[in-house]
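Below is the file target.pdb, which contains PDB, C-alpha atoms.
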ATOM      1  CA  MET A   1      81.321 108.120  35.945
ATOM      2  CA  SER A   2      80.173 104.666  34.791
ATOM      3  CA  SER A   3      78.494 102.146  37.075
ATOM      4  CA  SER A   4      81.778 100.230  37.275
ATOM      5  CA  ASP A   5      83.360 103.295  38.883
ATOM      6  CA  ILE A   6      80.956 103.296  41.831
ATOM      7  CA  PRO A   7      82.883 102.243  44.956
ATOM      8  CA  THR A   8      82.488  98.585  45.931
ATOM      9  CA  LEU A   9      82.223  99.648  49.573
ATOM     10  CA  PRO A  10      80.128 102.712  50.412
ATOM     11  CA  GLY A  11      82.176 105.722  51.375
ATOM     12  CA  SER A  12      85.820 104.583  51.123
ATOM     13  CA  TRP A  13      88.454 106.931  49.769
ATOM     14  CA  LEU A  14      91.978 108.343  49.932
ATOM     15  CA  GLU A  15      92.644 111.921  50.969
ATOM     16  CA  LEU A  16      95.475 113.078  48.741
ATOM     17  CA  PRO A  17      97.843 116.046  49.007
ATOM     18  CA  ASN A  18      96.373 119.459  48.105
ATOM     19  CA  GLY A  19      92.920 118.421  49.300
ATOM     20  CA  ARG A  20      92.159 116.007  46.465
ATOM     21  CA  THR A  21      89.957 112.950  47.006
ATOM     22  CA  LEU A  22      90.252 109.549  45.288
ATOM     23  CA  TRP A  23      87.207 107.313  45.727
ATOM     24  CA  LEU A  24      88.147 103.668  45.921
ATOM     25  CA  THR A  25      86.717 100.925  43.747
ATOM     26  CA  ALA A  26      87.523  97.219  43.961
ATOM     27  CA  ARG A  27      91.218  97.775  43.198
ATOM     28  CA  CYS A  28      93.643 100.709  43.329
ATOM     29  CA  ALA A  29      97.193 100.291  42.033
ATOM     30  CA  ILE A  30      99.605 103.053  43.061
ATOM     31  CA  GLY A  31     102.907 104.023  41.465
ATOM     32  CA  ARG A  32     104.756 106.204  38.940
ATOM     33  CA  GLN A  33     103.728 104.257  35.849
ATOM     34  CA  PRO A  34     100.856 105.875  33.866
ATOM     35  CA  ASP A  35      98.638 102.770  33.911
ATOM     36  CA  ASN A  36      98.276 102.850  37.712
ATOM     37  CA  ASP A  37      94.928 103.886  39.165
ATOM     38  CA  LEU A  38      96.706 106.484  41.307
ATOM     39  CA  VAL A  39      99.693 107.926  39.455
ATOM     40  CA  LEU A  40     102.184 109.766  41.671
ATOM     41  CA  ASP A  41     105.051 111.268  39.708
ATOM     42  CA  GLU A  42     107.541 111.183  42.569
ATOM     43  CA  ALA A  43     111.127 109.964  42.244
ATOM     44  CA  ALA A  44     110.937 108.048  45.544
ATOM     45  CA  LEU A  45     108.079 105.881  44.291
ATOM     46  CA  SER A  46     108.505 102.710  42.295
ATOM     47  CA  ARG A  47     106.779 102.227  38.962
ATOM     48  CA  ARG A  48     104.382  99.823  40.707
ATOM     49  CA  HIS A  49     104.590 100.734  44.361
ATOM     50  CA  ALA A  50     101.539  99.511  46.288
ATOM     51  CA  LEU A  51      98.102  97.983  45.854
ATOM     52  CA  ILE A  52      94.826  98.526  47.709
ATOM     53  CA  VAL A  53      92.110  95.914  47.203
ATOM     54  CA  ALA A  54      88.607  95.380  48.582
ATOM     55  CA  GLU A  55      88.193  92.049  50.299
ATOM     56  CA  GLY A  56      86.351  90.596  53.257
ATOM     57  CA  GLY A  57      84.262  93.722  53.852
ATOM     58  CA  GLY A  58      87.273  96.056  54.040
ATOM     59  CA  TYR A  59      90.330  97.280  52.158
ATOM     60  CA  THR A  60      93.826  95.834  52.439
ATOM     61  CA  LEU A  61      97.092  97.518  51.436
ATOM     62  CA  SER A  62     100.073  95.586  50.071
ATOM     63  CA  ASP A  63     103.555  96.801  49.189
ATOM     64  CA  LEU A  64     104.661  95.614  45.724
ATOM     65  CA  ARG A  65     108.326  95.189  46.648
ATOM     66  CA  SER A  66     108.842  98.896  46.184
ATOM     67  CA  ARG A  67     112.326 100.395  46.399
ATOM     68  CA  ASN A  68     111.607 102.663  49.367
ATOM     69  CA  GLY A  69     108.787 100.751  51.015
ATOM     70  CA  THR A  70     105.231 101.529  52.056
ATOM     71  CA  PHE A  71     104.307 102.545  55.600
ATOM     72  CA  VAL A  72     101.032 102.674  57.522
ATOM     73  CA  ASN A  73     101.101 104.861  60.625
ATOM     74  CA  ARG A  74     104.926 104.790  60.365
ATOM     75  CA  ALA A  75     105.074 100.974  60.412
ATOM     76  CA  ALA A  76     106.557  99.242  57.365
ATOM     77  CA  VAL A  77     104.114  97.134  55.345
ATOM     78  CA  THR A  78     105.625  93.654  55.007
ATOM     79  CA  ARG A  79     102.371  91.782  54.440
ATOM     80  CA  PRO A  80      98.809  92.826  53.488
ATOM     81  CA  VAL A  81      97.443  95.278  56.076
ATOM     82  CA  LEU A  82      93.752  95.854  56.770
ATOM     83  CA  LEU A  83      93.176  99.594  56.580
ATOM     84  CA  ARG A  84      91.184 101.481  59.203
ATOM     85  CA  ASP A  85      89.561 104.867  59.000
ATOM     86  CA  GLY A  86      92.193 107.566  59.531
ATOM     87  CA  ASP A  87      95.241 105.416  58.711
ATOM     88  CA  GLU A  88      98.159 107.454  57.367
ATOM     89  CA  ILE A  89      99.844 105.837  54.354
ATOM     90  CA  CYS A  90     103.370 106.926  53.442
ATOM     91  CA  LEU A  91     104.536 106.235  49.860
ATOM     92  CA  GLY A  92     108.005 107.635  49.361
ATOM     93  CA  ASP A  93     107.653 111.330  50.190
ATOM     94  CA  VAL A  94     103.882 111.325  49.627
ATOM     95  CA  VAL A  95     101.466 110.937  52.543
ATOM     96  CA  VAL A  96      97.827 110.035  51.945
ATOM     97  CA  ARG A  97      95.105 109.165  54.430
ATOM     98  CA  PHE A  98      92.644 106.288  54.153
ATOM     99  CA  ARG A  99      89.088 107.202  55.047
ATOM    100  CA  CYS A 100      85.855 105.250  55.238
ATOM    101  CA  THR A 101      82.449 105.745  56.747
ATOM    102  CA  ARG A 102      81.843 103.548  59.764
ATOM    103  CA  LYS A 103      78.799 102.576  61.758
ATOM    104  CA  ILE A 104      77.769 105.083  64.389
ATOM    105  CA  GLU A 105      78.403 103.635  67.818
ATOM    106  CA  PRO A 106      77.253 105.065  71.146
ATOM    107  CA  PRO A 107      79.942 107.527  72.299
ATOM    108  CA  ALA A 108      82.225 105.955  74.862
ATOM    109  CA  VAL A 109      82.220 107.067  78.469
ATOM    110  CA  ALA A 110      85.382 108.298  80.143
ATOM    111  CA  PRO A 111      87.867 105.438  80.701
ATOM    112  CA  ASP A 112      88.597 103.964  84.096
ATOM    113  CA  PHE A 113      92.198 105.135  84.517
ATOM    114  CA  ALA A 114      93.042 102.315  86.903
ATOM    115  CA  THR A 115      92.022  99.511  84.557
ATOM    116  CA  THR A 116      91.873 100.646  80.933
ATOM    117  CA  ALA A 117      94.613 103.170  80.262
ATOM    118  CA  ARG A 118      97.886 104.432  81.624
ATOM    119  CA  LEU A 119      97.881 108.053  82.694
ATOM    120  CA  ASP A 120     100.530 108.916  80.112
ATOM    121  CA  GLN A 121      98.210 107.599  77.363
ATOM    122  CA  VAL A 122      95.322 109.880  78.325
ATOM    123  CA  ARG A 123      95.217 113.623  77.875
ATOM    124  CA  GLU A 124      92.467 116.034  78.884
ATOM    125  CA  ARG A 125      91.817 118.979  76.573
ATOM    126  CA  ALA A 126      89.216 121.684  76.166
ATOM    127  CA  CYS A 127      87.740 121.416  72.674
ATOM    128  CA  TRP A 128      85.139 122.700  70.300
ATOM    129  CA  LEU A 129      83.232 119.727  68.910
ATOM    130  CA  LEU A 130      81.482 119.789  65.539
ATOM    131  CA  LEU A 131      78.973 117.243  64.280
ATOM    132  CA  VAL A 132      77.823 117.670  60.665
ATOM    133  CA  ASP A 133      75.065 115.220  59.782
ATOM    134  CA  VAL A 134      73.176 114.631  56.532
ATOM    135  CA  VAL A 135      69.412 114.961  56.947
ATOM    136  CA  GLY A 136      67.228 112.135  55.614
ATOM    137  CA  PHE A 137      69.915 110.187  53.776
ATOM    138  CA  THR A 138      68.129 106.840  54.253
ATOM    139  CA  ASN A 139      64.983 108.216  52.632
ATOM    140  CA  LEU A 140      67.071 109.723  49.823
ATOM    141  CA  ASN A 141      68.714 106.345  49.252
ATOM    142  CA  ASP A 142      65.300 104.645  49.045
ATOM    143  CA  ARG A 143      63.867 107.327  46.752
ATOM    144  CA  LEU A 144      66.741 107.826  44.298
ATOM    145  CA  GLY A 145      68.580 104.516  44.558
ATOM    146  CA  SER A 146      71.923 103.698  46.134
ATOM    147  CA  GLU A 147      74.032 104.731  43.109
ATOM    148  CA  VAL A 148      72.654 108.292  42.900
ATOM    149  CA  ALA A 149      72.609 108.684  46.690
ATOM    150  CA  LEU A 150      76.226 107.535  46.917
ATOM    151  CA  ARG A 151      77.326 110.042  44.276
ATOM    152  CA  GLN A 152      75.639 112.825  46.191
ATOM    153  CA  MET A 153      77.269 111.686  49.429
ATOM    154  CA  GLN A 154      80.661 111.689  47.696
ATOM    155  CA  ALA A 155      80.077 115.236  46.459
ATOM    156  CA  TRP A 156      78.942 116.307  49.936
ATOM    157  CA  ILE A 157      82.028 114.909  51.696
ATOM    158  CA  THR A 158      84.311 116.386  49.026
ATOM    159  CA  GLY A 159      82.679 119.786  49.534
ATOM    160  CA  VAL A 160      82.481 119.987  53.318
ATOM    161  CA  ARG A 161      85.798 118.384  54.324
ATOM    162  CA  PRO A 162      88.100 121.246  53.241
ATOM    163  CA  LEU A 163      85.840 123.774  54.966
ATOM    164  CA  ILE A 164      86.791 122.109  58.245
ATOM    165  CA  GLU A 165      90.432 121.252  57.591
ATOM    166  CA  ARG A 166      91.425 124.544  55.948
ATOM    167  CA  ASN A 167      90.305 126.257  59.136
ATOM    168  CA  HIS A 168      92.508 124.049  61.317
ATOM    169  CA  GLY A 169      89.793 121.567  62.298
ATOM    170  CA  HIS A 170      90.634 117.881  62.793
ATOM    171  CA  ILE A 171      88.239 115.258  61.466
ATOM    172  CA  ASN A 172      88.070 112.453  64.025
ATOM    173  CA  GLY A 173      85.838 110.209  61.975
ATOM    174  CA  TYR A 174      83.193 109.702  59.306
ATOM    175  CA  LEU A 175      80.312 108.062  61.151
ATOM    176  CA  GLY A 176      77.585 106.747  58.908
ATOM    177  CA  ASP A 177      76.355 109.883  57.142
ATOM    178  CA  ALA A 178      77.972 112.288  59.626
ATOM    179  CA  ILE A 179      81.363 113.952  60.144
ATOM    180  CA  PHE A 180      82.740 114.385  63.668
ATOM    181  CA  ALA A 181      85.485 117.009  64.033
ATOM    182  CA  TYR A 182      87.193 119.062  66.706
ATOM    183  CA  TRP A 183      89.451 122.004  67.496
ATOM    184  CA  THR A 184      91.523 122.045  70.690
ATOM    185  CA  SER A 185      91.571 125.272  72.669
ATOM    186  CA  GLU A 186      95.339 124.976  73.140
ATOM    187  CA  THR A 187      96.117 124.980  69.413
ATOM    188  CA  SER A 188      93.132 126.808  67.895
ATOM    189  CA  THR A 189      91.237 130.034  68.494
ATOM    190  CA  PRO A 190      87.524 130.861  68.358
ATOM    191  CA  ALA A 191      88.254 132.634  65.065
ATOM    192  CA  SER A 192      89.211 129.328  63.404
ATOM    193  CA  VAL A 193      85.962 127.685  64.474
ATOM    194  CA  LEU A 194      83.915 130.710  63.418
ATOM    195  CA  ASP A 195      85.644 130.832  60.023
ATOM    196  CA  SER A 196      84.803 127.161  59.481
ATOM    197  CA  LEU A 197      81.179 127.668  60.479
ATOM    198  CA  ARG A 198      80.884 130.686  58.175
ATOM    199  CA  ALA A 199      82.363 128.715  55.291
ATOM    200  CA  ILE A 200      80.005 125.781  55.911
ATOM    201  CA  GLU A 201      76.960 128.049  56.077
ATOM    202  CA  ALA A 202      78.041 129.926  52.934
ATOM    203  CA  TRP A 203      78.391 126.568  51.130
ATOM    204  CA  ARG A 204      75.022 125.251  52.324
ATOM    205  CA  PRO A 205      73.023 126.529  49.289
ATOM    206  CA  GLU A 206      75.446 124.709  46.977
ATOM    207  CA  SER A 207      75.455 121.451  48.960
ATOM    208  CA  PRO A 208      74.008 118.426  47.147
ATOM    209  CA  LEU A 209      72.474 117.272  50.451
ATOM    210  CA  VAL A 210      70.620 118.924  53.302
ATOM    211  CA  PHE A 211      72.681 118.763  56.487
ATOM    212  CA  ARG A 212      72.591 119.709  60.139
ATOM    213  CA  VAL A 213      75.423 121.318  62.158
ATOM    214  CA  VAL A 214      75.792 121.089  65.943
ATOM    215  CA  VAL A 215      78.641 122.682  67.939
ATOM    216  CA  HIS A 216      79.588 122.240  71.605
ATOM    217  CA  HIS A 217      82.526 123.276  73.779
ATOM    218  CA  GLY A 218      83.766 121.136  76.655
ATOM    219  CA  THR A 219      86.514 119.026  78.166
ATOM    220  CA  ILE A 220      87.481 115.863  76.280
ATOM    221  CA  LEU A 221      89.670 112.876  77.109
ATOM    222  CA  PHE A 222      92.000 111.862  74.264
ATOM    223  CA  THR A 223      93.160 108.230  74.288
ATOM    224  CA  HIS A 224      94.933 106.012  71.777
ATOM    225  CA  SER A 225      93.673 102.599  70.697
ATOM    226  CA  ASP A 226      94.087 100.249  67.749
ATOM    227  CA  ARG A 227      91.570 102.470  65.942
ATOM    228  CA  GLY A 228      93.696 105.549  66.409
ATOM    229  CA  GLU A 229      92.848 108.611  68.450
ATOM    230  CA  GLU A 230      89.621 108.295  70.411
ATOM    231  CA  LEU A 231      87.653 111.147  71.978
ATOM    232  CA  THR A 232      85.630 110.236  75.041
ATOM    233  CA  GLY A 233      83.780 111.875  77.898
ATOM    234  CA  GLN A 234      80.530 113.622  78.711
ATOM    235  CA  ALA A 235      81.093 116.402  76.175
ATOM    236  CA  VAL A 236      81.203 113.827  73.361
ATOM    237  CA  ASN A 237      77.970 112.277  74.595
ATOM    238  CA  PHE A 238      76.507 115.781  74.806
ATOM    239  CA  VAL A 239      77.147 116.745  71.186
ATOM    240  CA  PHE A 240      75.730 113.489  69.790
ATOM    241  CA  ARG A 241      72.586 113.801  71.912
ATOM    242  CA  SER A 242      72.317 117.475  70.982
ATOM    243  CA  GLU A 243      72.090 116.530  67.309
ATOM    244  CA  LYS A 244      68.901 114.607  68.035
ATOM    245  CA  LEU A 245      67.534 117.656  69.868
ATOM    246  CA  ALA A 246      68.374 119.873  66.875
ATOM    247  CA  LYS A 247      66.106 117.674  64.788
ATOM    248  CA  THR A 248      63.326 118.125  67.363
ATOM    249  CA  PHE A 249      63.847 121.900  67.405
ATOM    250  CA  GLY A 250      63.931 122.059  63.591
ATOM    251  CA  ALA A 251      67.389 123.679  63.699
ATOM    252  CA  LEU A 252      69.900 123.171  60.868
ATOM    253  CA  ALA A 253      72.728 124.979  62.694
ATOM    254  CA  MET A 254      72.698 124.838  66.498
ATOM    255  CA  LEU A 255      75.109 125.797  69.268
ATOM    256  CA  SER A 256      75.154 124.704  72.864
ATOM    257  CA  GLU A 257      75.253 127.547  75.371
ATOM    258  CA  ALA A 258      78.880 126.660  76.142
ATOM    259  CA  ALA A 259      79.760 126.880  72.444
ATOM    260  CA  MET A 260      77.955 130.189  71.999
ATOM    261  CA  GLU A 261      79.758 131.768  74.957
ATOM    262  CA  SER A 262      83.194 130.371  74.047
ATOM    263  CA  LEU A 263      82.829 131.722  70.497
ATOM    264  CA  GLY A 264      81.834 135.181  71.694
ATOM    265  CA  LEU A 265      78.373 135.102  70.134
ATOM    266  CA  GLU A 266      76.353 136.136  73.184
ATOM    267  CA  GLY A 267      73.601 138.562  72.265
ATOM    268  CA  ARG A 268      73.715 137.591  68.583
ATOM    269  CA  CYS A 269      72.007 134.200  68.766
ATOM    270  CA  THR A 270      68.343 133.409  69.327
ATOM    271  CA  ARG A 271      67.439 130.531  71.608
ATOM    272  CA  CYS A 272      65.931 127.627  69.700
ATOM    273  CA  GLY A 273      65.084 125.377  72.635
ATOM    274  CA  VAL A 274      65.655 124.163  76.181
ATOM    275  CA  SER A 275      65.916 120.508  77.114
ATOM    276  CA  GLU A 276      67.152 117.978  79.616
ATOM    277  CA  ILE A 277      69.819 115.521  78.467
ATOM    278  CA  GLU A 278      69.782 112.042  79.910
ATOM    279  CA  GLY A 279      72.453 111.442  82.538
ATOM    280  CA  MET A 280      73.474 115.109  82.751
ATOM    281  CA  THR A 281      72.499 117.901  85.093
ATOM    282  CA  GLY A 282      70.305 120.347  83.184
ATOM    283  CA  PRO A 283      68.225 121.764  81.682
ATOM    284  CA  PHE A 284      70.345 123.053  78.793
ATOM    285  CA  SER A 285      69.698 125.932  76.415
ATOM    286  CA  PHE A 286      70.517 125.743  72.709
ATOM    287  CA  TYR A 287      70.937 128.568  70.206
ATOM    288  CA  ALA A 288      70.737 129.129  66.458
ATOM    289  CA  LEU A 289      73.599 130.742  64.579
ATOM    290  CA  PRO A 290      73.092 134.453  63.872
ATOM    291  CA  VAL A 291      70.944 135.275  60.840
ATOM    292  CA  ASN A 292      72.972 135.446  57.587
ATOM    293  CA  PHE A 293      76.006 134.123  59.470
ATOM    294  CA  GLY A 294      77.474 132.603  56.324
ATOM    295  CA  ALA A 295      76.566 135.460  53.989
ATOM    296  CA  LYS A 296      79.413 136.575  51.730
ATOM    297  CA  GLN A 297      80.784 139.985  52.560
ATOM    298  CA  SER A 298      80.446 142.623  49.830
TER     299      SER A 298
END

Could you quickly redo this structure as structure tokens?
Amino acid sequence: MSSSDIPTLPGSWLELPNGRTLWLTARCAIGRQPDNDLVLDEAALSRRHALIVAEGGGYTLSDLRSRNGTFVNRAAVTRPVLLRDGDEICLGDVVVRFRCTRKIEPPAVAPDFATTARLDQVRERACWLLLVDVVGFTNLNDRLGSEVALRQMQAWITGVRPLIERNHGHINGYLGDAIFAYWTSETSTPASVLDSLRAIEAWRPESPLVFRVVVHHGTILFTHSDRGEELTGQAVNFVFRSEKLAKTFGALAMLSEAAMESLGLEGRCTRCGVSEIEGMTGPFSFYALPVNFGAKQS
């Protein structure tokens, strides 16, 4: 990869079918013709179908008068559209997803139903929450330089993402140098979460970056906004604050007590610490994953 191939914006990419990843540079032309940046040999696509360009601190998508149109979140693109993390782009019969890292913001509190959302727009679900966070990325960036650090971050995201999604996890967002994902209890089983955790731990020795994993189980409020699906509530606050505790405890893979019990790991985990969490009734106990949890079976 030459220096000209390094993305103009840090951490912006397309998730393609079959788990492939295309990192975006200043310009990405899409279509059937071989000289496009993203060549999709699909009959429903035009030779020059769509264009993604970096401008104004973000990426915009334009349809190039294609025969069958371009759609973002099922809405036809009739003028340049500013892409947001998680946007679903439909090109003929091909669906890709735009992803970008975004600044970590304090987790939102539960919405006031009377003033901020209609009841039919809010759904309460029990979920397993996963936060996977790179350790010391700022220092790595300062030590190795932004180009090398960015390449390692790209390799890290490319490696860890399928370990979540292949085990039925849903990535809610890429927040700074962290990935926030979830499984709902109504559509997933503890086995899916455990399989993902095993795969992540088995991959850890091969990871280009050191990372920390925190898992919690609790009740979440799902709402829809102009940024897509938002997860709010005390359980979201809990998992983000738990990640800071994991750093204090020196734990690279940590479960809340609720996560440990919901995953059926009682008696197999050692306690790595007890702590209060601001604004919540505690104290709370936290546990390490079982020893050799991600070891490959012979």

Selection near Asp133 of chain A, 8 Å with only C-alpha atoms, sequence-local residues under 4 positions removed, as a VMD selection string = chain A and resid 177 to 179 211 to 213

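Taking atom CA of Gly250 of chain A as the reference point, atom CA of Val134 of chain A is found at 13.8 Å.
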
request  = Name the residues captured by the PyMOL selection byres ((chain A and resi 147-158) around 8) when it is applied to the shown file; answer as JSON, numbers by chain.
outcome  = {"A": [3, 6, 10, 11, 21, 137, 140, 141, 144, 145, 146, 159, 160, 161, 162, 177, 207, 208, 209]}

query = Using all atoms listed in the file, which residue out of A:Ile220, A:Asn292, A:Phe284, A:Asn139 lies closest to Ala199 of chain A?
reply = A:Asn292

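Computed from the coordinates, the atom CA of Glu42 of chain A to atom CA of Val72 of chain A distance equals 18.4 Å.
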
ask   = What's the 7 Å shell around Val53 of chain A, counting all atoms listed in the file, without same-chain residues fewer than 6 positions away, as a list of chain:residue names?
value = A:Ala26, A:Arg27, A:Cys28, A:Tyr59, A:Thr60, A:Leu61

task = Quote the spacing between atom CA of Tyr174 of chain A and atom CA of Trp13 of chain A in Å to one decimal place.
result = 11.2 Å

remark   = Using all atoms listed in the file, the residue out of A:Ala29, A:Cys100, A:Leu131, A:Met260 with shortest distance to Tyr182 of chain A is A:Leu131

message = Applying the PyMOL selection byres ((chain A and resi 286) around 6) to the file I just gave you, which residues come out? Please list them as a list in words.
response =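 This file gives the following for the PyMOL selection byres ((chain A and resi 286) around 6): Leu255, Ser256, Glu257, Arg271, Cys272, Gly273, Ser285 and Tyr287 of chain A.
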
task = Run through the PyMOL selection byres ((chain A and resi 40) around 12) on the given coordinates and return the selected residues as number ranges by chain.
result = A: 16-17, 29-39, 41-50, 91-96

key: Closest of A:Arg125, A:Arg84, A:Arg198, A:Arg74 to Thr223 of chain A - atom-to-atom distances counting all atoms listed in the file   =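 Of A:Arg125, A:Arg84, A:Arg198, A:Arg74, the one nearest Thr223 of chain A is A:Arg125, counting all atoms listed in the file.
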
request  = Return the single residue from A:Leu163, A:Ala259, A:Leu129, A:Val122 that is closest to His224 of chain A, with distances computed using all atoms listed in the file.
outcome  =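 Under the stated criterion, the closest residue is A:Val122.
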
ask   = With only C-alpha atoms as the atoms that count, which of A:Arg102, A:Lys244, A:Arg268, A:His168 lies nearest to Gly57 of chain A?
value =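 Selected residue with least distance to Gly57 of chain A: A:Arg102.
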